[in-house]
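Raw contents of query_26.cif, mmCIF, C-alpha atoms and all ligand atoms:
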data_final
#
loop_
_atom_site.label_atom_id
_atom_site.label_comp_id
_atom_site.auth_asym_id
_atom_site.auth_seq_id
_atom_site.Cartn_x
_atom_site.Cartn_y
_atom_site.Cartn_z
CA MET F 2 0.00 0.00 0.00
CA ASN F 3 1.19 3.45 -0.97
CA GLU F 4 2.50 5.15 2.24
CA ASN F 5 0.30 8.21 1.83
CA LEU F 6 -2.80 6.06 1.92
CA ASN F 7 -2.13 4.68 5.40
CA LYS F 8 -4.07 7.52 7.00
CA TYR F 9 -7.24 6.16 5.41
CA LYS F 10 -6.77 2.61 6.66
CA GLY F 11 -9.13 1.91 9.50
CA VAL F 12 -12.63 2.44 10.76
CA ILE F 13 -14.10 5.71 9.44
CA PRO F 14 -17.62 6.49 10.66
CA ALA F 15 -19.97 8.34 8.37
CA PHE F 16 -20.76 11.48 10.36
CA TYR F 17 -24.37 12.36 11.20
CA ALA F 18 -26.28 15.59 10.73
CA CYS F 19 -26.40 17.22 14.17
CA TYR F 20 -29.45 19.39 14.73
CA ASP F 21 -30.65 21.66 17.50
CA GLU F 22 -34.23 21.47 18.79
CA ASN F 23 -35.44 23.63 15.86
CA ASP F 24 -34.01 21.44 13.10
CA GLY F 25 -31.08 23.79 12.54
CA VAL F 26 -27.45 22.60 12.26
CA SER F 27 -25.94 22.81 15.74
CA GLU F 28 -22.33 23.83 16.20
CA GLU F 29 -22.13 22.51 19.73
CA ARG F 30 -23.70 19.15 18.94
CA THR F 31 -21.61 18.71 15.80
CA LYS F 32 -18.44 19.30 17.77
CA ASN F 33 -19.59 17.03 20.60
CA LEU F 34 -20.20 14.11 18.23
CA ALA F 35 -16.80 14.63 16.60
CA VAL F 36 -15.06 14.55 19.98
CA TYR F 37 -17.07 11.51 21.10
CA LEU F 38 -15.97 9.52 18.04
CA TYR F 39 -12.38 10.71 18.33
CA GLU F 40 -12.27 9.42 21.90
CA LYS F 41 -13.52 6.02 20.72
CA GLY F 42 -10.37 5.68 18.65
CA VAL F 43 -11.67 5.84 15.09
CA LYS F 44 -9.30 6.63 12.24
CA GLY F 45 -11.24 9.42 10.58
CA LEU F 46 -14.62 10.88 9.70
CA TYR F 47 -16.60 10.92 6.48
CA VAL F 48 -18.52 14.17 6.74
CA GLY F 49 -21.68 15.18 4.91
CA GLY F 50 -22.60 11.97 3.11
CA SER F 51 -25.81 9.92 3.17
CA SER F 52 -25.59 9.67 6.95
CA GLY F 53 -25.10 13.42 7.03
CA GLU F 54 -28.48 13.86 5.29
CA CYS F 55 -26.63 15.81 2.62
CA ILE F 56 -29.49 15.75 0.16
CA TYR F 57 -31.81 17.45 2.68
CA GLN F 58 -29.46 20.28 3.58
CA SER F 59 -28.69 23.64 2.04
CA ILE F 60 -25.15 24.29 0.87
CA GLU F 61 -24.75 26.79 3.72
CA GLU F 62 -25.71 24.15 6.29
CA ARG F 63 -23.33 21.64 4.74
CA LYS F 64 -20.52 24.18 4.87
CA ARG F 65 -21.18 24.83 8.53
CA THR F 66 -20.98 21.13 9.38
CA LEU F 67 -17.73 20.79 7.43
CA LYS F 68 -16.35 23.80 9.28
CA TYR F 69 -17.30 22.68 12.80
CA VAL F 70 -15.81 19.23 12.33
CA ALA F 71 -12.60 20.66 10.89
CA GLU F 72 -12.28 23.16 13.72
CA LYS F 73 -12.31 20.34 16.24
CA MET F 74 -10.56 17.51 14.44
CA LYS F 75 -8.13 18.82 11.87
CA GLY F 76 -4.77 17.15 12.50
CA LYS F 77 -6.35 14.62 14.85
CA LEU F 78 -8.44 12.54 12.47
CA THR F 79 -8.38 11.87 8.74
CA LEU F 80 -11.17 14.07 7.41
CA ILE F 81 -13.02 13.23 4.23
CA ALA F 82 -15.58 15.75 2.94
CA HIS F 83 -18.50 14.42 0.94
CA VAL F 84 -19.29 17.25 -1.46
CA GLY F 85 -21.74 15.64 -3.87
CA ALA F 86 -24.77 17.88 -4.48
CA PRO F 87 -27.42 17.90 -7.21
CA SER F 88 -25.61 20.48 -9.35
CA THR F 89 -21.95 20.56 -10.38
CA LYS F 90 -21.84 24.20 -9.33
CA ASP F 91 -22.80 23.48 -5.72
CA SER F 92 -20.54 20.42 -5.54
CA VAL F 93 -17.57 22.48 -6.71
CA ALA F 94 -18.38 25.23 -4.19
CA LEU F 95 -18.39 22.65 -1.38
CA ALA F 96 -15.17 21.07 -2.68
CA LYS F 97 -13.36 24.42 -2.67
CA TYR F 98 -14.63 25.18 0.80
CA ALA F 99 -13.52 21.79 2.16
CA SER F 100 -10.11 22.37 0.64
CA GLU F 101 -9.81 25.77 2.37
CA LEU F 102 -10.75 24.11 5.65
CA GLY F 103 -7.88 21.64 5.31
CA TYR F 104 -9.79 18.41 4.65
CA ASP F 105 -7.62 15.45 3.67
CA ALA F 106 -9.77 14.27 0.79
CA LEU F 107 -12.97 14.84 -1.14
CA SER F 108 -15.63 12.36 -2.12
CA ALA F 109 -18.87 12.54 -4.08
CA ILE F 110 -21.81 10.47 -5.23
CA PRO F 111 -22.57 10.58 -8.96
CA PRO F 112 -25.29 12.95 -10.21
CA ILE F 113 -28.74 12.04 -8.89
CA TYR F 114 -32.38 12.13 -10.06
CA TYR F 115 -31.89 12.48 -13.85
CA LYS F 116 -30.51 9.41 -15.57
CA LEU F 117 -27.46 10.99 -17.16
CA PRO F 118 -25.07 9.21 -19.53
CA GLU F 119 -21.67 8.11 -18.24
CA SER F 120 -20.05 10.94 -20.15
CA SER F 121 -21.92 13.43 -17.93
CA ILE F 122 -21.05 11.49 -14.79
CA TYR F 123 -17.39 11.51 -15.82
CA THR F 124 -17.51 15.26 -16.42
CA TYR F 125 -19.27 15.86 -13.10
CA TRP F 126 -16.67 13.99 -11.06
CA THR F 127 -13.80 15.44 -13.07
CA LYS F 128 -14.94 19.04 -12.51
CA ILE F 129 -15.04 18.42 -8.77
CA ILE F 130 -11.60 16.81 -8.87
CA ASP F 131 -10.13 19.63 -10.96
CA SER F 132 -11.49 22.30 -8.63
CA THR F 133 -8.95 21.65 -5.84
CA GLU F 134 -5.61 19.97 -5.15
CA LEU F 135 -7.18 17.39 -2.83
CA PRO F 136 -7.27 13.64 -3.47
CA PHE F 137 -10.64 12.23 -4.45
CA ILE F 138 -12.60 9.14 -3.40
CA ILE F 139 -15.36 7.97 -5.75
CA TYR F 140 -18.61 7.09 -3.97
CA ASN F 141 -20.48 4.15 -5.50
CA ILE F 142 -23.91 3.66 -3.91
CA PRO F 143 -26.26 2.39 -6.62
CA GLN F 144 -29.13 1.66 -4.19
CA THR F 145 -29.66 5.36 -3.62
CA THR F 146 -28.23 7.03 -6.75
CA GLY F 147 -29.46 4.61 -9.40
CA TYR F 148 -26.02 4.50 -11.02
CA ASN F 149 -23.60 1.58 -10.56
CA LEU F 150 -19.97 2.48 -11.26
CA SER F 151 -18.77 0.58 -14.34
CA ILE F 152 -15.30 -0.89 -14.61
CA ASN F 153 -14.82 1.23 -17.69
CA LEU F 154 -15.56 4.53 -15.93
CA PHE F 155 -13.55 3.42 -12.86
CA GLU F 156 -10.49 2.80 -15.06
CA ARG F 157 -10.97 6.10 -16.83
CA LEU F 158 -11.18 8.00 -13.55
CA LEU F 159 -8.05 6.27 -12.24
CA GLU F 160 -6.07 7.88 -15.05
CA ASN F 161 -6.36 11.01 -12.93
CA LYS F 162 -3.71 10.66 -10.21
CA LYS F 163 -5.85 12.60 -7.74
CA VAL F 164 -8.29 9.71 -7.67
CA ILE F 165 -7.05 7.64 -4.73
CA GLY F 166 -9.97 5.37 -4.01
CA VAL F 167 -13.55 4.25 -4.06
CA LYS F 168 -16.07 3.85 -1.28
CA ASN F 169 -18.13 0.95 -2.53
CA SER F 170 -21.59 0.51 -1.07
CA SER F 171 -23.03 -1.85 -3.67
CA MET F 172 -23.96 -5.20 -2.14
CA PRO F 173 -21.87 -7.65 -4.24
CA ALA F 174 -18.57 -8.23 -2.47
CA LEU F 175 -17.33 -9.05 -5.96
CA ASP F 176 -17.40 -5.33 -6.81
CA ILE F 177 -14.91 -4.66 -4.02
CA GLU F 178 -12.64 -7.43 -5.29
CA ARG F 179 -12.77 -6.04 -8.85
CA PHE F 180 -12.06 -2.43 -7.80
CA LYS F 181 -9.14 -3.57 -5.65
CA THR F 182 -7.76 -5.87 -8.31
CA ILE F 183 -7.90 -3.10 -10.91
CA GLY F 184 -6.73 -0.31 -8.59
CA GLY F 185 -3.94 -2.23 -6.83
CA ASN F 186 -1.75 -0.68 -4.18
CA ASN F 187 -2.20 2.89 -5.32
CA VAL F 188 -5.88 2.81 -4.61
CA ILE F 189 -7.77 2.46 -1.37
CA VAL F 190 -11.07 0.60 -1.47
CA PHE F 191 -13.55 1.25 1.36
CA ASN F 192 -16.18 -1.27 2.32
CA GLY F 193 -19.63 0.34 2.21
CA PRO F 194 -22.20 -2.17 3.51
CA ASP F 195 -21.69 -2.36 7.28
CA GLU F 196 -23.46 -5.73 7.27
CA GLN F 197 -20.53 -7.08 5.24
CA TYR F 198 -17.57 -5.35 6.86
CA VAL F 199 -15.70 -8.58 7.45
CA SER F 200 -16.41 -10.01 3.99
CA GLY F 201 -15.51 -6.71 2.37
CA ARG F 202 -12.16 -6.60 4.17
CA LEU F 203 -11.38 -10.22 3.33
CA ILE F 204 -12.13 -9.86 -0.37
CA GLY F 205 -9.98 -6.77 -0.77
CA ALA F 206 -11.30 -3.65 0.97
CA ASP F 207 -8.49 -1.79 2.77
CA ALA F 208 -10.77 0.02 5.19
CA GLY F 209 -14.38 0.89 5.88
CA ILE F 210 -16.70 3.88 5.88
CA GLY F 211 -20.16 3.23 7.25
CA GLY F 212 -23.39 4.74 8.44
CA THR F 213 -23.81 2.62 11.57
CA TYR F 214 -20.22 2.79 12.87
CA ALA F 215 -20.89 5.87 14.98
CA VAL F 216 -23.49 4.13 17.12
CA MET F 217 -21.19 1.16 17.82
CA PRO F 218 -17.62 2.15 16.92
CA GLU F 219 -16.26 -0.33 19.45
CA LEU F 220 -17.70 -3.29 17.53
CA PHE F 221 -16.27 -2.21 14.20
CA LEU F 222 -12.89 -1.55 15.83
CA ILE F 223 -12.96 -5.06 17.28
CA ALA F 224 -14.02 -6.57 13.94
CA GLU F 225 -11.14 -4.72 12.30
CA GLU F 226 -8.69 -5.97 14.87
CA TYR F 227 -9.84 -9.56 14.40
CA VAL F 228 -9.65 -9.35 10.61
CA SER F 229 -6.23 -7.77 10.60
CA THR F 230 -4.84 -10.34 13.03
CA GLY F 231 -6.33 -13.33 11.24
CA ARG F 232 -8.94 -14.22 13.85
CA PHE F 233 -11.56 -15.03 11.25
CA ALA F 234 -14.00 -17.08 13.33
CA ASP F 235 -14.04 -14.31 15.94
CA SER F 236 -14.51 -11.66 13.27
CA ARG F 237 -17.55 -13.57 11.98
CA ALA F 238 -19.01 -13.64 15.46
CA VAL F 239 -18.69 -9.86 15.80
CA GLN F 240 -20.17 -9.36 12.36
CA ARG F 241 -23.18 -11.47 13.35
CA GLU F 242 -23.79 -9.28 16.39
CA ILE F 243 -23.39 -6.12 14.30
CA ASN F 244 -25.95 -7.47 11.84
CA ASN F 245 -28.45 -8.33 14.57
CA ILE F 246 -28.14 -4.75 15.76
CA ILE F 247 -28.47 -3.20 12.27
CA ILE F 248 -31.59 -5.28 11.62
CA ALA F 249 -33.04 -4.07 14.93
CA LEU F 250 -32.16 -0.44 14.09
CA ASN F 251 -34.23 -0.82 10.93
CA SER F 252 -37.20 -2.56 12.52
CA LEU F 253 -38.93 0.43 14.13
CA ASN F 254 -41.12 3.32 12.99
CA GLY F 255 -38.47 6.02 12.85
CA SER F 256 -35.77 6.05 10.16
CA MET F 257 -32.58 4.15 11.02
CA TYR F 258 -30.78 7.44 11.62
CA ALA F 259 -33.50 8.63 14.00
CA VAL F 260 -33.15 5.43 16.01
CA ILE F 261 -29.37 5.75 16.03
CA LYS F 262 -29.61 9.37 17.21
CA GLN F 263 -31.97 8.36 20.00
CA ILE F 264 -29.40 5.78 21.16
CA LEU F 265 -26.65 8.40 21.05
CA LYS F 266 -28.86 10.68 23.10
CA ILE F 267 -29.26 8.02 25.80
CA GLN F 268 -25.46 7.65 25.72
CA GLY F 269 -25.15 11.36 26.49
CA VAL F 270 -24.44 12.61 22.97
CA ASN F 271 -27.52 14.55 21.89
CA VAL F 272 -27.40 15.30 18.16
CA GLY F 273 -31.11 16.00 17.77
CA SER F 274 -33.37 14.11 15.40
CA VAL F 275 -33.57 13.64 11.62
CA ARG F 276 -34.84 16.09 9.04
CA GLU F 277 -38.17 15.30 7.42
CA PRO F 278 -39.23 13.53 5.23
CA MET F 279 -37.21 11.05 7.29
CA SER F 280 -39.36 10.03 10.22
CA PRO F 281 -38.41 10.69 13.83
CA VAL F 282 -38.74 7.98 16.49
CA ILE F 283 -42.12 7.49 18.13
CA GLU F 284 -42.89 7.32 21.83
CA ASP F 285 -44.02 3.69 21.59
CA ASP F 286 -40.59 2.61 20.38
CA LEU F 287 -38.53 4.21 23.13
CA ALA F 288 -38.38 1.08 25.26
CA LYS F 289 -37.32 -1.01 22.26
CA ILE F 290 -34.61 1.51 21.50
CA GLU F 291 -33.31 1.18 25.07
CA GLU F 292 -33.16 -2.55 24.47
CA ILE F 293 -31.10 -2.13 21.29
CA ARG F 294 -28.75 0.12 23.18
CA ASP F 295 -28.40 -2.50 25.93
CA ASN F 296 -27.66 -5.12 23.29
CA ILE F 297 -24.94 -2.95 21.80
CA ASN F 298 -23.36 -2.47 25.22
CA GLN F 299 -23.61 -6.17 26.00
CA ALA F 300 -21.95 -7.07 22.69
CA ILE F 301 -19.14 -4.63 23.39
CA LEU F 302 -18.63 -6.25 26.80
CA ASN F 303 -18.70 -9.77 25.36
CA PHE F 304 -16.07 -9.06 22.76
CA SER F 305 -13.86 -6.84 24.85
CA SER F 306 -12.85 -9.59 27.23
C1 LIG F 401 -27.16 2.15 1.38
C2 LIG F 401 -26.39 2.86 2.46
O1 LIG F 401 -26.85 3.83 3.02
N1 LIG F 401 -25.19 2.36 2.76
C3 LIG F 401 -24.35 2.90 3.79
C4 LIG F 401 -23.07 3.32 3.20
O2 LIG F 401 -22.38 2.60 2.57
C5 LIG F 401 -24.11 1.85 4.85
O3 LIG F 401 -23.14 2.27 5.75
C6 LIG F 401 -25.41 1.56 5.58
O4 LIG F 401 -25.81 2.69 6.30
C7 LIG F 401 -25.29 0.39 6.54
O5 LIG F 401 -24.74 -0.69 5.90
C8 LIG F 401 -26.63 0.02 7.17
O6 LIG F 401 -27.46 -0.60 6.24
C1 LIG F 402 -21.58 5.74 4.46
C2 LIG F 402 -22.64 6.64 4.64
O1 LIG F 402 -23.59 6.26 5.22
C3 LIG F 402 -22.52 8.00 4.18
O2 LIG F 402 -22.34 8.25 3.00
O3 LIG F 402 -22.64 8.93 4.98
#

Take the structure from the file and write it as structure tokens.
Ligand SMILES: CC(=O)N[C@H](C=O)[C@@H](O)[C@H](O)[C@H](O)CO
Ligand SMILES: CC(=O)C(=O)O
Amino acid sequence: MNENLNKYKGVIPAFYACYDENDGVSEERTKNLAVYLYEKGVKGLYVGGSSGECIYQSIEERKRTLKYVAEKMKGKLTLIAHVGAPSTKDSVALAKYASELGYDALSAIPPIYYKLPESSIYTYWTKIIDSTELPFIIYNIPQTTGYNLSINLFERLLENKKVIGVKNSSMPALDIERFKTIGGNNVIVFNGPDEQYVSGRLIGADAGIGGTYAVMPELFLIAEEYVSTGRFADSRAVQREINNIIIALNSLNGSMYAVIKQILKIQGVNVGSVREPMSPVIEDDLAKIEEIRDNINQAILNFSS
């Protein structure tokens, strides 16, 4: 692995949108969550992606989140700014801003909503990449964007030396193997699906970025330790627990992020709720959410010994 890429190797939580009680971006809560995750020992933060509710926020709000995280964590954690927005213009504005703030790398989803040809997707990503000196991580998440990164476009993008990696959230582990095989040691491949962290790492992912890490960073750090030290049976056991928890997080009335934020709140890290149209948690689910939180803590205890 290229030396410069070592700072990306590890568990990198996707950072959440942190709101005040009036659905506004909260400086204090954003900084508190950043510090909380830093103290857990994660490698870096992926700021302003799906978990950051990027699509529901104004560019101004996204800039504020990028700024608050950088103010607290620059030089302490590897900071990746997700700058994908519906228009190229807004994405480039965010990219330039993240670069001024001292982020380590940029990342972006492909264009959304309209089904654009690959030539437009190539141009979109390239304009973001060309707008700063920062390295770039492609974000492939076909479930939400409707576009699945082709090998052809991946190879074309890799011709640009600023492209250092891909965060792959498609479900086939095969995609991770292909991207790693094609990219080799000069490219870092991030596992996307948290439910397949262990499989992703074994088939070629160098690291992981995920939306549920922040509610149970300990478990992903343990899974990573087991994988990297060859304790495969143990790593499977942790993955099973993680999956039980993710399934539970998705089994209630509120959106997964609302449930996660409720758990963080019980843990003493209040980051508010989710922005509509995502649904908040409902009163009737609060006891079940406590139970999920207890299960997370029990799993951490079980695997820490
Ligand atoms: C589709 C999607 O949002 N994928 C996220 C990013 O890769 C994951 O981290 C999920 O949040 C996670 O795997 C839970 O399903
Ligand atoms: C990984 C993820 O959930 C994000 O893009 O924020």

* To do: Kindly compile the residues surrounding ligand LIG 402 (chain F) within 7 Å, counting all atoms listed in the file, and format them as a list in words.
  => Ala15, Phe16, Tyr47, Val48, Gly49, Gly50, Ser51, Ser52, Gly53, Gly193, Ile210, Gly211 and Gly212 of chain F

* To do: Identify, on the basis of all atoms listed in the file, every residue whose closest approach to F:Leu102 does not exceed 9 Å; exclude the query and any residue fewer than 6 positions from it along the same chain; express the result as a ChimeraX atom specification.
  => /F:67-68,71-72,75

* Two-atom distance - atom CA of F:Gly273, atom CA of F:Asp24 (Å) -> 7.7 Å

* To do: Rounded to one decimal place, report the atom CA of F:Ala249-atom CA of F:Gly201 distance in Å.
  => 21.7 Å

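Straight-line separation from atom C6 of ligand LIG 401 (chain F) to atom CA of F:Ser120: 27.9 Å.
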
* To do: Taking only C-alpha atoms and all ligand atoms into account, report as a PyMOL selection string which residues have an atom no farther than 10 Å from an atom of ligand LIG 401 (chain F).
  => chain F and resi 14-15+50-52+140-146+168-172+191-198+209-214+243-244+246-248+250-251+257-258

Now that the selection is made, can you save its residues with C-alpha atoms as a JSON list (two decimals), in the frame of the given file?
[["chain", "number", "residue", "atom", "x", "y", "z"],
["F", 14, "PRO", "CA", -17.62, 6.49, 10.66],
["F", 15, "ALA", "CA", -19.97, 8.34, 8.37],
["F", 50, "GLY", "CA", -22.60, 11.97, 3.11],
["F", 51, "SER", "CA", -25.81, 9.92, 3.17],
["F", 52, "SER", "CA", -25.59, 9.67, 6.95],
["F", 140, "TYR", "CA", -18.61, 7.09, -3.97],
["F", 141, "ASN", "CA", -20.48, 4.15, -5.50],
["F", 142, "ILE", "CA", -23.91, 3.66, -3.91],
["F", 143, "PRO", "CA", -26.26, 2.39, -6.62],
["F", 144, "GLN", "CA", -29.13, 1.66, -4.19],
["F", 145, "THR", "CA", -29.66, 5.36, -3.62],
["F", 146, "THR", "CA", -28.23, 7.03, -6.75],
["F", 168, "LYS", "CA", -16.07, 3.85, -1.28],
["F", 169, "ASN", "CA", -18.13, 0.95, -2.53],
["F", 170, "SER", "CA", -21.59, 0.51, -1.07],
["F", 171, "SER", "CA", -23.03, -1.85, -3.67],
["F", 172, "MET", "CA", -23.96, -5.20, -2.14],
["F", 191, "PHE", "CA", -13.55, 1.25, 1.36],
["F", 192, "ASN", "CA", -16.18, -1.27, 2.32],
["F", 193, "GLY", "CA", -19.63, 0.34, 2.21],
["F", 194, "PRO", "CA", -22.20, -2.17, 3.51],
["F", 195, "ASP", "CA", -21.69, -2.36, 7.28],
["F", 196, "GLU", "CA", -23.46, -5.73, 7.27],
["F", 197, "GLN", "CA", -20.53, -7.08, 5.24],
["F", 198, "TYR", "CA", -17.57, -5.35, 6.86],
["F", 209, "GLY", "CA", -14.38, 0.89, 5.88],
["F", 210, "ILE", "CA", -16.70, 3.88, 5.88],
["F", 211, "GLY", "CA", -20.16, 3.23, 7.25],
["F", 212, "GLY", "CA", -23.39, 4.74, 8.44],
["F", 213, "THR", "CA", -23.81, 2.62, 11.57],
["F", 214, "TYR", "CA", -20.22, 2.79, 12.87],
["F", 243, "ILE", "CA", -23.39, -6.12, 14.30],
["F", 244, "ASN", "CA", -25.95, -7.47, 11.84],
["F", 246, "ILE", "CA", -28.14, -4.75, 15.76],
["F", 247, "ILE", "CA", -28.47, -3.20, 12.27],
["F", 248, "ILE", "CA", -31.59, -5.28, 11.62],
["F", 250, "LEU", "CA", -32.16, -0.44, 14.09],
["F", 251, "ASN", "CA", -34.23, -0.82, 10.93],
["F", 257, "MET", "CA", -32.58, 4.15, 11.02],
["F", 258, "TYR", "CA", -30.78, 7.44, 11.62]]

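The protein and nucleic acid residues lying at most 8 Å from F:Pro112 are Gly85, Ala86, Pro87, Ser88, Ile122, Tyr125 and Thr146 of chain F, with only C-alpha atoms considered and sequence neighbours fewer than 6 positions away removed.
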
* Write out as a PyMOL selection string each polymer residue whose atoms come within 8 Å of F:Glu178, counting all atoms listed in the file; drop sequence neighbours fewer than 6 positions from it. => chain F and resi 204-206

* **For F:Leu220, the nearest of the candidates F:Leu78, F:Leu302, F:Ile264, F:Ala96, counting only C-alpha atoms** => F:Leu302

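If you measure from each of F:Leu135, F:Ala35, F:Val26, F:Ile283 to F:Glu61 using all atoms listed in the file, the closest one turns out to be F:Val26.
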
* Asked: In terms of the shortest atom-to-atom distance over all atoms listed in the file, which of F:Leu38, F:Ala18, F:Ile177, F:Leu6 is closest to F:Asp105?
  -> F:Leu6

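The residues that lie within 8 Å of the point (-8.8, -3.5, -5.4), counting all atoms listed in the file, are Ile177, Glu178, Arg179, Phe180, Lys181, Thr182, Ile183, Gly184, Gly185, Asn186, Val188, Ile189, Val190, Gly205 and Ala206 of chain F.
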
Save stretch 19-92 of chain F from what I just supplied, as a PDB file, in the first residue's frame, atoms limited to C-alpha atoms.
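Printed below is out-v2.pdb as written:
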ATOM      1  CA  CYS F  19     -26.395  17.217  14.170  1.00  0.00           C
ATOM      2  CA  TYR F  20     -29.449  19.388  14.725  1.00  0.00           C
ATOM      3  CA  ASP F  21     -30.650  21.661  17.500  1.00  0.00           C
ATOM      4  CA  GLU F  22     -34.231  21.470  18.787  1.00  0.00           C
ATOM      5  CA  ASN F  23     -35.442  23.630  15.863  1.00  0.00           C
ATOM      6  CA  ASP F  24     -34.012  21.443  13.099  1.00  0.00           C
ATOM      7  CA  GLY F  25     -31.075  23.787  12.543  1.00  0.00           C
ATOM      8  CA  VAL F  26     -27.451  22.603  12.259  1.00  0.00           C
ATOM      9  CA  SER F  27     -25.938  22.807  15.744  1.00  0.00           C
ATOM     10  CA  GLU F  28     -22.331  23.834  16.200  1.00  0.00           C
ATOM     11  CA  GLU F  29     -22.126  22.513  19.733  1.00  0.00           C
ATOM     12  CA  ARG F  30     -23.701  19.152  18.944  1.00  0.00           C
ATOM     13  CA  THR F  31     -21.613  18.711  15.803  1.00  0.00           C
ATOM     14  CA  LYS F  32     -18.440  19.296  17.771  1.00  0.00           C
ATOM     15  CA  ASN F  33     -19.592  17.032  20.604  1.00  0.00           C
ATOM     16  CA  LEU F  34     -20.199  14.114  18.231  1.00  0.00           C
ATOM     17  CA  ALA F  35     -16.805  14.625  16.600  1.00  0.00           C
ATOM     18  CA  VAL F  36     -15.063  14.553  19.984  1.00  0.00           C
ATOM     19  CA  TYR F  37     -17.067  11.510  21.098  1.00  0.00           C
ATOM     20  CA  LEU F  38     -15.967   9.524  18.041  1.00  0.00           C
ATOM     21  CA  TYR F  39     -12.375  10.711  18.334  1.00  0.00           C
ATOM     22  CA  GLU F  40     -12.270   9.420  21.899  1.00  0.00           C
ATOM     23  CA  LYS F  41     -13.523   6.016  20.720  1.00  0.00           C
ATOM     24  CA  GLY F  42     -10.367   5.678  18.649  1.00  0.00           C
ATOM     25  CA  VAL F  43     -11.670   5.837  15.088  1.00  0.00           C
ATOM     26  CA  LYS F  44      -9.302   6.634  12.238  1.00  0.00           C
ATOM     27  CA  GLY F  45     -11.238   9.416  10.579  1.00  0.00           C
ATOM     28  CA  LEU F  46     -14.621  10.878   9.696  1.00  0.00           C
ATOM     29  CA  TYR F  47     -16.605  10.920   6.476  1.00  0.00           C
ATOM     30  CA  VAL F  48     -18.523  14.169   6.740  1.00  0.00           C
ATOM     31  CA  GLY F  49     -21.683  15.184   4.914  1.00  0.00           C
ATOM     32  CA  GLY F  50     -22.602  11.966   3.110  1.00  0.00           C
ATOM     33  CA  SER F  51     -25.807   9.918   3.173  1.00  0.00           C
ATOM     34  CA  SER F  52     -25.586   9.668   6.954  1.00  0.00           C
ATOM     35  CA  GLY F  53     -25.100  13.421   7.033  1.00  0.00           C
ATOM     36  CA  GLU F  54     -28.477  13.856   5.288  1.00  0.00           C
ATOM     37  CA  CYS F  55     -26.626  15.815   2.619  1.00  0.00           C
ATOM     38  CA  ILE F  56     -29.490  15.754   0.160  1.00  0.00           C
ATOM     39  CA  TYR F  57     -31.815  17.451   2.677  1.00  0.00           C
ATOM     40  CA  GLN F  58     -29.457  20.279   3.584  1.00  0.00           C
ATOM     41  CA  SER F  59     -28.687  23.636   2.045  1.00  0.00           C
ATOM     42  CA  ILE F  60     -25.155  24.294   0.868  1.00  0.00           C
ATOM     43  CA  GLU F  61     -24.753  26.793   3.721  1.00  0.00           C
ATOM     44  CA  GLU F  62     -25.712  24.155   6.286  1.00  0.00           C
ATOM     45  CA  ARG F  63     -23.333  21.637   4.744  1.00  0.00           C
ATOM     46  CA  LYS F  64     -20.522  24.179   4.869  1.00  0.00           C
ATOM     47  CA  ARG F  65     -21.177  24.826   8.532  1.00  0.00           C
ATOM     48  CA  THR F  66     -20.981  21.131   9.378  1.00  0.00           C
ATOM     49  CA  LEU F  67     -17.730  20.794   7.430  1.00  0.00           C
ATOM     50  CA  LYS F  68     -16.345  23.802   9.280  1.00  0.00           C
ATOM     51  CA  TYR F  69     -17.304  22.681  12.795  1.00  0.00           C
ATOM     52  CA  VAL F  70     -15.807  19.228  12.327  1.00  0.00           C
ATOM     53  CA  ALA F  71     -12.596  20.661  10.887  1.00  0.00           C
ATOM     54  CA  GLU F  72     -12.276  23.163  13.724  1.00  0.00           C
ATOM     55  CA  LYS F  73     -12.308  20.337  16.242  1.00  0.00           C
ATOM     56  CA  MET F  74     -10.562  17.508  14.441  1.00  0.00           C
ATOM     57  CA  LYS F  75      -8.127  18.817  11.867  1.00  0.00           C
ATOM     58  CA  GLY F  76      -4.770  17.149  12.499  1.00  0.00           C
ATOM     59  CA  LYS F  77      -6.350  14.616  14.849  1.00  0.00           C
ATOM     60  CA  LEU F  78      -8.437  12.537  12.472  1.00  0.00           C
ATOM     61  CA  THR F  79      -8.379  11.868   8.743  1.00  0.00           C
ATOM     62  CA  LEU F  80     -11.166  14.065   7.412  1.00  0.00           C
ATOM     63  CA  ILE F  81     -13.024  13.234   4.226  1.00  0.00           C
ATOM     64  CA  ALA F  82     -15.578  15.747   2.935  1.00  0.00           C
ATOM     65  CA  HIS F  83     -18.497  14.421   0.936  1.00  0.00           C
ATOM     66  CA  VAL F  84     -19.291  17.250  -1.462  1.00  0.00           C
ATOM     67  CA  GLY F  85     -21.741  15.642  -3.873  1.00  0.00           C
ATOM     68  CA  ALA F  86     -24.766  17.879  -4.479  1.00  0.00           C
ATOM     69  CA  PRO F  87     -27.416  17.905  -7.211  1.00  0.00           C
ATOM     70  CA  SER F  88     -25.608  20.480  -9.351  1.00  0.00           C
ATOM     71  CA  THR F  89     -21.953  20.557 -10.381  1.00  0.00           C
ATOM     72  CA  LYS F  90     -21.844  24.205  -9.333  1.00  0.00           C
ATOM     73  CA  ASP F  91     -22.801  23.485  -5.722  1.00  0.00           C
ATOM     74  CA  SER F  92     -20.541  20.425  -5.544  1.00  0.00           C
TER      75      SER F  92
END
